[in-house]
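Coordinates as given in query-v7.pdb (PDB, C-alpha atoms, pLDDT in the B column):
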```
MODEL        1
ATOM      1  CA  ASN B 189      -1.672 -78.157  53.836  1.00 60.00           C
ATOM      2  CA  LYS B 190      -3.773 -81.197  52.992  1.00 75.00           C
ATOM      3  CA  GLU B 191      -2.321 -84.670  52.767  1.00 83.00           C
ATOM      4  CA  TYR B 192      -4.643 -86.067  50.083  1.00 93.00           C
ATOM      5  CA  LYS B 193      -4.458 -89.581  51.544  1.00 94.00           C
ATOM      6  CA  ALA B 194      -7.280 -90.778  49.265  1.00 95.00           C
ATOM      7  CA  ILE B 195      -5.006 -90.351  46.231  1.00 97.00           C
ATOM      8  CA  SER B 196      -2.277 -92.625  47.610  1.00 96.00           C
ATOM      9  CA  GLY B 197      -2.578 -96.091  46.094  1.00 97.00           C
ATOM     10  CA  SER B 198      -5.521 -95.091  43.896  1.00 97.00           C
ATOM     11  CA  HIS B 199      -5.778 -96.176  40.262  1.00 98.00           C
ATOM     12  CA  ILE B 200      -6.393 -93.278  37.894  1.00 98.00           C
ATOM     13  CA  LEU B 201      -7.065 -93.462  34.171  1.00 98.00           C
ATOM     14  CA  LEU B 202      -5.748 -90.341  32.447  1.00 98.00           C
ATOM     15  CA  CYS B 203      -7.353 -89.750  29.037  1.00 98.00           C
ATOM     16  CA  GLU B 204      -5.192 -87.045  27.508  1.00 97.00           C
ATOM     17  CA  ASP B 205      -3.675 -86.738  24.029  1.00 97.00           C
ATOM     18  CA  HIS B 206      -1.051 -84.052  24.692  1.00 95.00           C
ATOM     19  CA  PRO B 207       2.305 -85.575  25.788  1.00 97.00           C
ATOM     20  CA  LEU B 208       3.298 -82.637  27.987  1.00 95.00           C
ATOM     21  CA  ASN B 209      -0.080 -82.579  29.762  1.00 95.00           C
ATOM     22  CA  GLN B 210       0.157 -86.369  30.208  1.00 97.00           C
ATOM     23  CA  GLU B 211       3.588 -86.028  31.783  1.00 97.00           C
ATOM     24  CA  ILE B 212       2.739 -83.111  34.098  1.00 96.00           C
ATOM     25  CA  THR B 213      -0.488 -84.681  35.351  1.00 97.00           C
ATOM     26  CA  LYS B 214       1.131 -88.098  35.787  1.00 98.00           C
ATOM     27  CA  ILE B 215       4.033 -86.644  37.807  1.00 98.00           C
ATOM     28  CA  LEU B 216       1.736 -84.543  39.999  1.00 97.00           C
ATOM     29  CA  LEU B 217      -0.480 -87.514  40.851  1.00 98.00           C
ATOM     30  CA  GLU B 218       2.403 -89.969  41.278  1.00 98.00           C
ATOM     31  CA  GLN B 219       3.901 -87.558  43.824  1.00 97.00           C
ATOM     32  CA  LYS B 220       0.791 -88.292  45.917  1.00 97.00           C
ATOM     33  CA  GLY B 221       1.127 -92.049  45.394  1.00 97.00           C
ATOM     34  CA  ALA B 222      -1.391 -92.620  42.595  1.00 98.00           C
ATOM     35  CA  ILE B 223      -0.992 -95.352  39.983  1.00 98.00           C
ATOM     36  CA  ILE B 224      -1.603 -93.808  36.552  1.00 98.00           C
ATOM     37  CA  GLN B 225      -2.572 -95.368  33.248  1.00 98.00           C
ATOM     38  CA  ILE B 226      -2.588 -93.108  30.188  1.00 98.00           C
ATOM     39  CA  ALA B 227      -4.962 -93.362  27.240  1.00 98.00           C
ATOM     40  CA  GLU B 228      -4.090 -91.096  24.290  1.00 97.00           C
ATOM     41  CA  ASP B 229      -7.668 -90.590  23.111  1.00 97.00           C
ATOM     42  CA  GLY B 230     -11.262 -91.188  24.127  1.00 97.00           C
ATOM     43  CA  GLN B 231     -11.542 -94.506  22.315  1.00 98.00           C
ATOM     44  CA  LYS B 232      -8.427 -95.862  24.067  1.00 98.00           C
ATOM     45  CA  GLY B 233      -9.877 -94.581  27.338  1.00 98.00           C
ATOM     46  CA  ILE B 234     -13.079 -96.576  26.819  1.00 98.00           C
ATOM     47  CA  GLU B 235     -11.018 -99.664  25.931  1.00 98.00           C
ATOM     48  CA  ALA B 236      -8.763 -99.299  28.994  1.00 98.00           C
ATOM     49  CA  PHE B 237     -11.790 -98.950  31.275  1.00 98.00           C
ATOM     50  CA  SER B 238     -13.647-101.830  29.573  1.00 98.00           C
ATOM     51  CA  GLN B 239     -10.670-104.160  29.902  1.00 98.00           C
ATOM     52  CA  SER B 240     -10.012-103.332  33.562  1.00 98.00           C
ATOM     53  CA  ALA B 241     -11.367-105.408  36.431  1.00 97.00           C
ATOM     54  CA  PRO B 242     -14.582-104.010  37.930  1.00 95.00           C
ATOM     55  CA  ASN B 243     -13.849-101.203  40.412  1.00 96.00           C
ATOM     56  CA  TYR B 244     -10.173-101.111  39.385  1.00 97.00           C
ATOM     57  CA  TYR B 245     -10.212 -97.395  38.601  1.00 98.00           C
ATOM     58  CA  ASP B 246     -10.884 -94.936  41.406  1.00 97.00           C
ATOM     59  CA  CYS B 247     -11.089 -91.965  39.048  1.00 98.00           C
ATOM     60  CA  ILE B 248     -10.908 -91.038  35.365  1.00 98.00           C
ATOM     61  CA  LEU B 249      -9.414 -87.720  34.268  1.00 98.00           C
ATOM     62  CA  MET B 250     -10.881 -86.891  30.870  1.00 97.00           C
ATOM     63  CA  ASP B 251      -9.495 -84.311  28.477  1.00 96.00           C
ATOM     64  CA  ILE B 252     -12.320 -82.894  26.367  1.00 94.00           C
ATOM     65  CA  ARG B 253     -10.549 -82.173  23.078  1.00 93.00           C
ATOM     66  CA  MET B 254      -8.951 -85.393  21.864  1.00 94.00           C
ATOM     67  CA  PRO B 255      -8.597 -87.094  18.495  1.00 93.00           C
ATOM     68  CA  VAL B 256     -10.637 -90.187  17.516  1.00 94.00           C
ATOM     69  CA  LEU B 257     -13.238 -89.641  20.265  1.00 95.00           C
ATOM     70  CA  ASP B 258     -13.552 -86.536  22.422  1.00 95.00           C
ATOM     71  CA  GLY B 259     -14.016 -86.564  26.183  1.00 97.00           C
ATOM     72  CA  ILE B 260     -17.745 -85.878  26.071  1.00 96.00           C
ATOM     73  CA  GLU B 261     -18.455 -88.855  23.788  1.00 97.00           C
ATOM     74  CA  ALA B 262     -16.019 -91.093  25.678  1.00 98.00           C
ATOM     75  CA  THR B 263     -17.726 -90.246  28.983  1.00 98.00           C
ATOM     76  CA  LYS B 264     -21.174 -91.018  27.562  1.00 97.00           C
ATOM     77  CA  ALA B 265     -19.860 -94.351  26.233  1.00 98.00           C
ATOM     78  CA  ILE B 266     -18.306 -95.321  29.587  1.00 98.00           C
ATOM     79  CA  ARG B 267     -21.493 -94.396  31.451  1.00 97.00           C
ATOM     80  CA  MET B 268     -23.480 -96.712  29.135  1.00 97.00           C
ATOM     81  CA  LEU B 269     -21.246 -99.775  29.635  1.00 97.00           C
ATOM     82  CA  GLU B 270     -22.929-102.799  31.199  1.00 96.00           C
ATOM     83  CA  ARG B 271     -20.958-102.952  34.428  1.00 95.00           C
ATOM     84  CA  ASN B 272     -21.612-101.672  37.920  1.00 92.00           C
ATOM     85  CA  ASP B 273     -18.691 -99.280  38.144  1.00 96.00           C
ATOM     86  CA  ALA B 274     -19.442 -97.599  34.800  1.00 97.00           C
ATOM     87  CA  LYS B 275     -22.064 -95.398  36.453  1.00 95.00           C
ATOM     88  CA  SER B 276     -20.188 -94.732  39.693  1.00 96.00           C
ATOM     89  CA  VAL B 277     -16.549 -94.178  38.697  1.00 97.00           C
ATOM     90  CA  PRO B 278     -15.795 -90.464  39.074  1.00 97.00           C
ATOM     91  CA  ILE B 279     -14.987 -88.827  35.731  1.00 98.00           C
ATOM     92  CA  ILE B 280     -13.430 -85.379  35.919  1.00 97.00           C
ATOM     93  CA  ALA B 281     -13.087 -83.165  32.859  1.00 97.00           C
ATOM     94  CA  MET B 282      -9.738 -81.507  32.183  1.00 94.00           C
ATOM     95  CA  THR B 283     -10.059 -78.736  29.664  1.00 89.00           C
ATOM     96  CA  ALA B 284      -9.077 -75.225  28.711  1.00 87.00           C
ATOM     97  CA  ASP B 285     -12.787 -74.657  27.979  1.00 80.00           C
ATOM     98  CA  ALA B 286     -13.770 -73.221  31.328  1.00 75.00           C
ATOM     99  CA  PHE B 287     -16.871 -71.154  30.534  1.00 86.00           C
ATOM    100  CA  ALA B 288     -20.024 -72.046  32.450  1.00 88.00           C
ATOM    101  CA  GLU B 289     -21.624 -73.647  29.387  1.00 92.00           C
ATOM    102  CA  ASP B 290     -18.527 -75.813  28.827  1.00 89.00           C
ATOM    103  CA  VAL B 291     -18.634 -77.002  32.432  1.00 90.00           C
ATOM    104  CA  GLN B 292     -22.365 -77.707  32.065  1.00 93.00           C
ATOM    105  CA  ARG B 293     -21.746 -79.773  28.901  1.00 94.00           C
ATOM    106  CA  CYS B 294     -19.313 -81.917  30.877  1.00 94.00           C
ATOM    107  CA  LEU B 295     -21.778 -82.409  33.726  1.00 95.00           C
ATOM    108  CA  ASP B 296     -24.611 -83.156  31.273  1.00 96.00           C
ATOM    109  CA  ALA B 297     -22.461 -85.879  29.680  1.00 96.00           C
ATOM    110  CA  GLY B 298     -22.164 -87.603  33.053  1.00 96.00           C
ATOM    111  CA  MET B 299     -18.959 -86.116  34.421  1.00 97.00           C
ATOM    112  CA  ASP B 300     -18.576 -85.415  38.117  1.00 95.00           C
ATOM    113  CA  GLY B 301     -16.259 -82.434  38.042  1.00 93.00           C
ATOM    114  CA  HIS B 302     -14.162 -80.058  35.986  1.00 93.00           C
ATOM    115  CA  ILE B 303     -10.530 -78.949  36.176  1.00 95.00           C
ATOM    116  CA  ALA B 304      -9.438 -75.997  34.068  1.00 92.00           C
ATOM    117  CA  LYS B 305      -6.163 -76.086  32.129  1.00 92.00           C
ATOM    118  CA  PRO B 306      -3.438 -75.123  32.670  1.00 92.00           C
ATOM    119  CA  ILE B 307      -3.710 -77.433  35.652  1.00 93.00           C
ATOM    120  CA  ASN B 308      -3.331 -75.991  39.116  1.00 95.00           C
ATOM    121  CA  PRO B 309      -1.880 -78.814  41.273  1.00 96.00           C
ATOM    122  CA  ALA B 310      -3.923 -77.882  44.369  1.00 96.00           C
ATOM    123  CA  ILE B 311      -7.179 -77.955  42.374  1.00 95.00           C
ATOM    124  CA  LEU B 312      -6.189 -81.259  40.756  1.00 97.00           C
ATOM    125  CA  TYR B 313      -5.460 -82.806  44.166  1.00 97.00           C
ATOM    126  CA  ASP B 314      -8.658 -81.387  45.703  1.00 96.00           C
ATOM    127  CA  GLN B 315     -10.917 -82.637  42.902  1.00 96.00           C
ATOM    128  CA  VAL B 316      -9.347 -86.085  42.612  1.00 97.00           C
ATOM    129  CA  SER B 317      -9.208 -86.583  46.370  1.00 96.00           C
ATOM    130  CA  GLU B 318     -12.838 -85.502  46.851  1.00 95.00           C
ATOM    131  CA  ALA B 319     -13.994 -87.716  43.968  1.00 95.00           C
ATOM    132  CA  ILE B 320     -12.229 -90.793  45.360  1.00 96.00           C
ATOM    133  CA  GLU B 321     -13.456 -90.142  48.905  1.00 94.00           C
ATOM    134  CA  GLY B 322     -16.994 -89.743  47.546  1.00 92.00           C
ATOM    135  CA  LEU B 323     -16.742 -93.014  45.633  1.00 91.00           C
ATOM    136  CA  ARG B 324     -15.501 -94.865  48.711  1.00 88.00           C
ATOM    137  CA  MET B 325     -18.323 -93.435  50.817  1.00 89.00           C
ATOM    138  CA  GLN B 326     -20.842 -94.652  48.197  1.00 83.00           C
ATOM    139  CA  GLU B 327     -19.323 -98.110  48.314  1.00 76.00           C
ATOM    140  CA  GLY B 328     -19.531 -98.012  52.087  1.00 72.00           C
ATOM    141  CA  ALA B 329     -15.995 -99.114  52.779  1.00 55.00           C
ATOM    142  CA  PRO B 330     -12.450 -98.139  52.011  1.00 52.00           C
ATOM    143  CA  ARG B 331     -10.718-100.402  49.525  1.00 49.00           C
ATOM    144  CA  SER B 332      -7.322-100.607  51.112  1.00 46.00           C
TER     145      SER B 332
ENDMDL
END
```
Represent the structure of the file as structure tokens.
Amino acid sequence: NKEYKAISGSHILLCEDHPLNQEITKILLEQKGAIIQIAEDGQKGIEAFSQSAPNYYDCILMDIRMPVLDGIEATKAIRMLERNDAKSVPIIAMTADAFAEDVQRCLDAGMDGHIAKPINPAILYDQVSEAIEGLRMQEGAPRS
């Protein structure tokens, strides 16, 4: 039984248009101490990230199929922003599209991982925790 300490106190941007998926994911991550901000579509996700302080977000969870702007396009847009953390912030796809080519599309767009829906809490915790730990190792120091 892992403790997922990296998740506690982390700031996570959840880009997800489906209210039930928003709620489930938010509750699961809050149980581990994460601070969650929800964006209902890719465009709002880009805006939330753009308006945040540099290095505020430890991880972005990105649904692929969203209105206005899908997760692939939103990820590409975030990766192209002129700020240091735009390239390094972990972005993890959350999608029911779990075929190898779907996963590859996510990685090609600049995502760091992939979580299949319906969400398995253990996989969610593993992926988010690993992504945040990886980011902190890159930065060379824990934030807390």
Q: Rank B:Ala227, B:Ile280, B:Leu312, B:Ala222 by their smallest atom-to-atom distance to Val256 of chain B, using only C-alpha atoms, and report the top residue only.
A: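 For Val256 of chain B, the nearest of the candidates is B:Ala227.
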Kindly provide the residues of segment 203-247 of chain B that approach segment 302-310 of chain B to within 12 Å, each paired with its closest atom pair and their distance in Å to one decimal, based on all atoms listed in the file, listed by chain and increasing number, as a tab-separated table.
```
residue	atom	partner	partner_atom	distance
B:Glu204	CA	B:Lys305	CA	11.9
B:Leu208	CA	B:Pro306	CA	11.1
B:Asn209	CA	B:Ile307	CA	8.6
B:Gln210	CA	B:Ile307	CA	11.2
B:Glu211	CA	B:Ile307	CA	11.9
B:Ile212	CA	B:Ile307	CA	8.7
B:Thr213	CA	B:Ile307	CA	7.9
B:Lys214	CA	B:Pro309	CA	11.2
B:Ile215	CA	B:Pro309	CA	10.4
B:Leu216	CA	B:Pro309	CA	6.9
B:Leu217	CA	B:Pro309	CA	8.8
B:Glu218	CA	B:Pro309	CA	11.9
B:Gln219	CA	B:Pro309	CA	10.8
B:Lys220	CA	B:Pro309	CA	10.9
```
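Taking atom CA of Tyr313 of chain B as the reference point, atom CA of Ser196 of chain B is found at 10.9 Å.
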(Q) Restricting the calculation to only C-alpha atoms: of B:Ser317, B:Leu269, B:Leu295, B:Asp251, which residue gets closest to Gly221 of chain B? (A)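 Between B:Ser317, B:Leu269, B:Leu295, B:Asp251, the residue approaching Gly221 of chain B most closely is B:Ser317.
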(Q) I need the residue nearest Lys232 of chain B from this list: B:Glu321, B:Asp290, B:Asp205, B:Glu327. Use only C-alpha atoms for the distance. (A) B:Asp205
Q | Answer key for the PyMOL selection byres ((chain B and resi 267) around 12), residues as a ChimeraX atom specification | A | /B:234,237-238,248,260-266,268-279,296-300
Produce a file of the selected residues containing C-alpha atoms, as an mmCIF file, keeping the file's coordinate frame.
```
data_model
loop_
_atom_site.group_PDB
_atom_site.id
_atom_site.type_symbol
_atom_site.label_atom_id
_atom_site.label_comp_id
_atom_site.auth_asym_id
_atom_site.auth_seq_id
_atom_site.Cartn_x
_atom_site.Cartn_y
_atom_site.Cartn_z
ATOM 1 C CA ILE B 234 -13.079 -96.576 26.819
ATOM 2 C CA PHE B 237 -11.790 -98.950 31.275
ATOM 3 C CA SER B 238 -13.647 -101.830 29.573
ATOM 4 C CA ILE B 248 -10.908 -91.038 35.365
ATOM 5 C CA ILE B 260 -17.745 -85.878 26.071
ATOM 6 C CA GLU B 261 -18.455 -88.855 23.788
ATOM 7 C CA ALA B 262 -16.019 -91.093 25.678
ATOM 8 C CA THR B 263 -17.726 -90.246 28.983
ATOM 9 C CA LYS B 264 -21.174 -91.018 27.562
ATOM 10 C CA ALA B 265 -19.860 -94.351 26.233
ATOM 11 C CA ILE B 266 -18.306 -95.321 29.587
ATOM 12 C CA MET B 268 -23.480 -96.712 29.135
ATOM 13 C CA LEU B 269 -21.246 -99.775 29.635
ATOM 14 C CA GLU B 270 -22.929 -102.799 31.199
ATOM 15 C CA ARG B 271 -20.958 -102.952 34.428
ATOM 16 C CA ASN B 272 -21.612 -101.672 37.920
ATOM 17 C CA ASP B 273 -18.691 -99.280 38.144
ATOM 18 C CA ALA B 274 -19.442 -97.599 34.800
ATOM 19 C CA LYS B 275 -22.064 -95.398 36.453
ATOM 20 C CA SER B 276 -20.188 -94.732 39.693
ATOM 21 C CA VAL B 277 -16.549 -94.178 38.697
ATOM 22 C CA PRO B 278 -15.795 -90.464 39.074
ATOM 23 C CA ILE B 279 -14.987 -88.827 35.731
ATOM 24 C CA ASP B 296 -24.611 -83.156 31.273
ATOM 25 C CA ALA B 297 -22.461 -85.879 29.680
ATOM 26 C CA GLY B 298 -22.164 -87.603 33.053
ATOM 27 C CA MET B 299 -18.959 -86.116 34.421
ATOM 28 C CA ASP B 300 -18.576 -85.415 38.117
#
```
